[in-house]
$ cat query-v8.tsv   # TSV, C-alpha atoms
chain	number	residue	atom	x	y	z
A	1	MET	CA	-9.88	4.81	-11.41
A	2	THR	CA	-11.55	1.56	-10.46
A	3	THR	CA	-13.57	-0.47	-12.93
A	4	THR	CA	-15.21	-3.87	-12.66
A	5	ARG	CA	-14.38	-6.98	-14.61
A	6	ASN	CA	-15.22	-10.62	-14.34
A	7	GLN	CA	-12.95	-12.93	-12.36
A	8	SER	CA	-11.11	-14.40	-15.37
A	9	VAL	CA	-9.99	-11.02	-16.67
A	10	VAL	CA	-8.51	-10.02	-13.32
A	11	SER	CA	-6.46	-13.18	-12.95
A	12	SER	CA	-5.12	-13.05	-16.52
A	13	SER	CA	-3.86	-9.47	-16.41
A	14	ASP	CA	-0.54	-8.39	-14.90
A	15	THR	CA	-1.42	-4.70	-14.94
A	16	LEU	CA	-4.87	-4.90	-13.35
A	17	ILE	CA	-5.42	-6.05	-9.80
A	18	ASP	CA	-8.44	-6.67	-7.58
A	19	ALA	CA	-8.93	-3.23	-6.01
A	20	ARG	CA	-10.19	-4.77	-2.77
A	21	GLY	CA	-6.82	-6.46	-2.07
A	22	PRO	CA	-4.83	-3.29	-1.32
A	23	ARG	CA	-7.61	-2.07	0.97
A	24	PHE	CA	-7.46	-5.34	2.92
A	25	GLY	CA	-3.68	-4.92	3.11
A	26	ALA	CA	-4.20	-1.39	4.42
A	27	VAL	CA	-6.35	-2.76	7.25
A	28	LEU	CA	-3.58	-5.16	8.30
A	29	THR	CA	-0.95	-2.44	7.85
A	30	THR	CA	-2.99	-0.10	10.06
A	31	VAL	CA	-3.11	-2.71	12.82
A	32	VAL	CA	0.63	-3.46	12.60
A	33	LEU	CA	1.60	0.22	12.53
A	34	ALA	CA	-0.74	1.11	15.41
A	35	LEU	CA	0.81	-1.65	17.51
A	36	ALA	CA	4.31	-0.51	16.53
A	37	LEU	CA	3.49	3.07	17.44
A	38	VAL	CA	2.09	2.13	20.85
A	39	THR	CA	4.90	-0.30	21.69
A	40	HIS	CA	7.73	1.52	19.84
A	41	SER	CA	8.59	-1.86	18.35
A	42	ALA	CA	11.32	-1.78	15.75
A	43	VAL	CA	10.62	-5.48	15.10
A	44	LEU	CA	7.06	-4.75	13.97
A	45	ILE	CA	8.31	-1.92	11.77
A	46	ALA	CA	10.94	-4.23	10.28
A	47	LEU	CA	8.26	-6.81	9.47
A	48	GLN	CA	6.09	-4.12	7.88
A	49	LEU	CA	9.13	-2.88	5.95
A	50	ILE	CA	9.48	-6.36	4.43
A	51	VAL	CA	5.81	-6.35	3.40
A	52	PHE	CA	6.21	-2.91	1.82
A	53	ALA	CA	9.44	-3.97	0.07
A	54	ILE	CA	7.74	-6.96	-1.56
A	55	GLY	CA	4.85	-4.76	-2.70
A	56	ALA	CA	7.07	-1.95	-3.94
A	57	PHE	CA	9.84	-3.88	-5.65
A	58	ASN	CA	7.91	-6.93	-6.84
A	59	SER	CA	4.14	-6.39	-6.83
A	60	PRO	CA	1.42	-5.65	-4.27
A	61	THR	CA	-0.14	-8.95	-5.39
A	62	LYS	CA	2.94	-10.86	-4.12
A	63	SER	CA	2.94	-9.52	-0.55
A	64	PRO	CA	2.02	-11.64	2.48
A	65	TYR	CA	-1.13	-9.54	2.95
A	66	ALA	CA	-2.17	-10.26	-0.65
A	67	PHE	CA	-1.66	-13.97	0.04
A	68	LEU	CA	-3.98	-13.75	3.06
A	69	TYR	CA	-6.53	-11.81	1.00
A	70	LYS	CA	-6.48	-14.35	-1.85
A	71	LYS	CA	-6.57	-17.35	0.46
A	72	PHE	CA	-9.14	-16.30	3.06
A	73	VAL	CA	-11.08	-13.21	1.98
A	74	LYS	CA	-11.48	-13.26	-1.79
A	75	PRO	CA	-13.15	-16.72	-1.95
A	76	ARG	CA	-15.94	-15.37	0.28
A	77	LEU	CA	-16.66	-12.32	-1.89
A	78	ARG	CA	-19.29	-12.34	-4.62
A	79	GLY	CA	-20.14	-10.20	-7.59
A	80	ASP	CA	-18.06	-8.24	-10.03
A	81	VAL	CA	-14.44	-7.67	-9.16
A	82	PRO	CA	-13.41	-4.01	-9.07
A	83	VAL	CA	-10.03	-3.68	-10.74
A	84	GLU	CA	-7.39	-0.99	-10.84
A	85	ASP	CA	-4.01	-0.40	-12.39
A	86	VAL	CA	-1.25	-1.94	-10.27
A	87	ARG	CA	1.12	1.05	-10.62
A	88	PRO	CA	-0.52	3.44	-8.09
A	89	PRO	CA	-0.70	0.80	-5.30
A	90	LYS	CA	2.87	-0.26	-6.11
A	91	PHE	CA	3.99	3.36	-5.74
A	92	ALA	CA	2.04	3.62	-2.46
A	93	GLN	CA	3.95	0.56	-1.22
A	94	LEU	CA	7.19	2.36	-2.10
A	95	VAL	CA	6.12	5.40	-0.09
A	96	GLY	CA	5.30	3.13	2.86
A	97	PHE	CA	8.66	1.43	2.45
A	98	LEU	CA	10.45	4.79	2.60
A	99	PHE	CA	8.58	5.82	5.76
A	100	THR	CA	9.41	2.52	7.46
A	101	VAL	CA	13.08	2.93	6.47
A	102	VAL	CA	13.03	6.33	8.20
A	103	ALA	CA	11.34	4.77	11.25
A	104	ILE	CA	13.98	2.03	11.42
A	105	ALA	CA	16.71	4.68	11.14
A	106	GLY	CA	15.09	6.59	14.01
A	107	SER	CA	15.06	3.43	16.08
A	108	ILE	CA	18.68	2.54	15.28
A	109	PHE	CA	19.97	6.03	16.05
A	110	GLY	CA	17.87	6.42	19.20
A	111	SER	CA	15.58	9.14	17.85
A	112	GLN	CA	12.18	8.34	19.30
A	113	GLY	CA	10.76	11.48	17.71
A	114	LEU	CA	11.82	10.45	14.20
A	115	PHE	CA	10.50	6.93	14.79
A	116	THR	CA	7.18	8.23	16.09
A	117	VAL	CA	6.63	10.78	13.33
A	118	ALA	CA	7.52	8.34	10.52
A	119	VAL	CA	5.29	5.61	11.90
A	120	ALA	CA	2.44	8.04	12.63
A	121	LEU	CA	2.49	9.46	9.08
A	122	CYS	CA	2.56	5.98	7.57
A	123	LEU	CA	-0.23	4.93	9.93
A	124	ALA	CA	-2.35	7.93	8.90
A	125	ALA	CA	-1.97	7.06	5.22
A	126	SER	CA	-2.83	3.39	5.74
A	127	PHE	CA	-5.81	4.31	7.92
A	128	LEU	CA	-7.16	6.59	5.18
A	129	ASN	CA	-7.07	3.66	2.77
A	130	ALA	CA	-8.47	1.14	5.24
A	131	ALA	CA	-11.31	3.29	6.56
A	132	PHE	CA	-12.22	5.53	3.63
A	133	ASN	CA	-10.79	3.74	0.57
A	134	PHE	CA	-8.59	6.79	-0.06
A	135	CYS	CA	-5.08	5.74	-1.05
A	136	LEU	CA	-2.87	8.76	-0.44
A	137	GLY	CA	0.15	7.16	-2.13
A	138	CYS	CA	-2.01	6.34	-5.17
A	139	GLN	CA	-3.19	9.95	-5.36
A	140	ILE	CA	0.40	11.20	-5.16
A	141	TYR	CA	1.32	8.80	-7.98
A	142	LEU	CA	-1.54	10.09	-10.15
A	143	LEU	CA	-0.64	13.72	-9.45
A	144	PHE	CA	3.03	13.08	-10.22
A	145	THR	CA	2.07	11.27	-13.45
A	146	ARG	CA	-0.15	14.14	-14.56
A	147	LEU	CA	2.53	16.70	-13.84
A	148	THR	CA	5.31	14.82	-15.62
A	149	HIS	CA	3.32	13.64	-18.62
A	150	ARG	CA	1.55	16.79	-19.69
A	151	SER	CA	1.15	16.89	-23.42
A	152	ARG	CA	3.13	19.65	-25.02
A	153	PRO	CA	1.38	21.91	-27.53
A	154	ALA	CA	2.38	21.38	-31.16
A	155	ALA	CA	4.58	24.13	-32.54
$ encode --input "query-v8.tsv" --output "structure tokens"
Amino acid sequence: MTTTRNQSVVSSSDTLIDARGPRFGAVLTTVVLALALVTHSAVLIALQLIVFAIGAFNSPTKSPYAFLYKKFVKPRLRGDVPVEDVRPPKFAQLVGFLFTVVAIAGSIFGSQGLFTVAVALCLAASFLNAAFNFCLGCQIYLLFTRLTHRSRPAA
């Protein structure tokens, strides 16, 4: 769920992030993955894997794409800042990381099919976020959270 807060609240909270940042990152990820898919470049996938690793194991706000967003895009935006919990985008970064690990494995072991499928699935997910603001990894996180944290009836 995305809410809006003023700028000072967003910068002072570790659990809430500017919801526009991950979407900007998804645009860049879409471009990188599309180029990797067309060129079958393991180097591009390795670079994207690093970006996903930073987002998944540290924070999406610490990734190179977040730096570009904060430095060049965010200062040009006006109005209320939509915020969201950092955990769903962090989980989505983990999912992307896992797909890029599979793509790298496909490249290392000479399996073009594995490489292509892993990159294409990751590309589809990032495109959904970039074009339609639908974060598939975030939705999976929310579904998983609902399923594992159902309240048990009192006996």
$ residues_around --input "query-v8.tsv" --residues "stretch 89-102 of chain A" --least-positions-apart "2" --cutoff "6 Å" --atoms "all atoms listed in the file" --output "PyMOL selection string"
chain A and resi 49+52-53+55-56+60+86-87+104-105+118+137-138
$ closest_residue --input "query-v8.tsv" --among "A:Leu16, A:Asp85, A:Val51, A:Gly79" --to "A:Leu142" --atoms "all atoms listed in the file"
A:Asp85
$ closest_residue --input "query-v8.tsv" --among "A:Thr145, A:His40, A:Gly110, A:Ala131" --to "A:Gly25" --atoms "all atoms listed in the file"
A:Ala131
$ atom_distance --input "query-v8.tsv" --atom1 "atom CA of A:Lys62" --atom2 "atom CA of A:Ile50"
11.7 Å
$ atom_distance --input "query-v8.tsv" --atom1 "atom CA of A:Val83" --atom2 "atom CA of A:Arg20"
8.0 Å
$ atom_distance --input "query-v8.tsv" --atom1 "atom CA of A:Pro75" --atom2 "atom CA of A:Gln139"
28.7 Å
$ closest_residue --input "query-v8.tsv" --among "A:Phe144, A:Phe115, A:Phe24, A:Phe134" --to "A:Tyr65" --atoms "only C-alpha atoms"
A:Phe24
$ residues_around --input "query-v8.tsv" --residues "A:Leu37" --least-positions-apart "2" --cutoff "9 Å" --atoms "only C-alpha atoms" --output "number ranges by chain"
A: 32-35, 39-41, 45, 115-116, 119-120, 123
$ residues_around --input "query-v8.tsv" --residues "A:Ala26" --least-positions-apart "6" --cutoff "7 Å" --atoms "only C-alpha atoms" --output "CSV table (one decimal) with C-alpha atoms, in the frame of the given file"
chain,number,residue,atom,x,y,z
A,126,SER,CA,-2.8,3.4,5.7
A,127,PHE,CA,-5.8,4.3,7.9
A,129,ASN,CA,-7.1,3.7,2.8
A,130,ALA,CA,-8.5,1.1,5.2
$ residues_near_point --input "query-v8.tsv" --point "(-6.2, -7.0, -10.2)" --cutoff "8 Å" --atoms "all atoms listed in the file" --output "CSV table (one decimal) with C-alpha atoms, in the frame of the given file"
chain,number,residue,atom,x,y,z
A,10,VAL,CA,-8.5,-10.0,-13.3
A,11,SER,CA,-6.5,-13.2,-13.0
A,13,SER,CA,-3.9,-9.5,-16.4
A,14,ASP,CA,-0.5,-8.4,-14.9
A,15,THR,CA,-1.4,-4.7,-14.9
A,16,LEU,CA,-4.9,-4.9,-13.4
A,17,ILE,CA,-5.4,-6.0,-9.8
A,18,ASP,CA,-8.4,-6.7,-7.6
A,19,ALA,CA,-8.9,-3.2,-6.0
A,61,THR,CA,-0.1,-9.0,-5.4
A,82,PRO,CA,-13.4,-4.0,-9.1
A,83,VAL,CA,-10.0,-3.7,-10.7
A,84,GLU,CA,-7.4,-1.0,-10.8
A,85,ASP,CA,-4.0,-0.4,-12.4
A,86,VAL,CA,-1.2,-1.9,-10.3
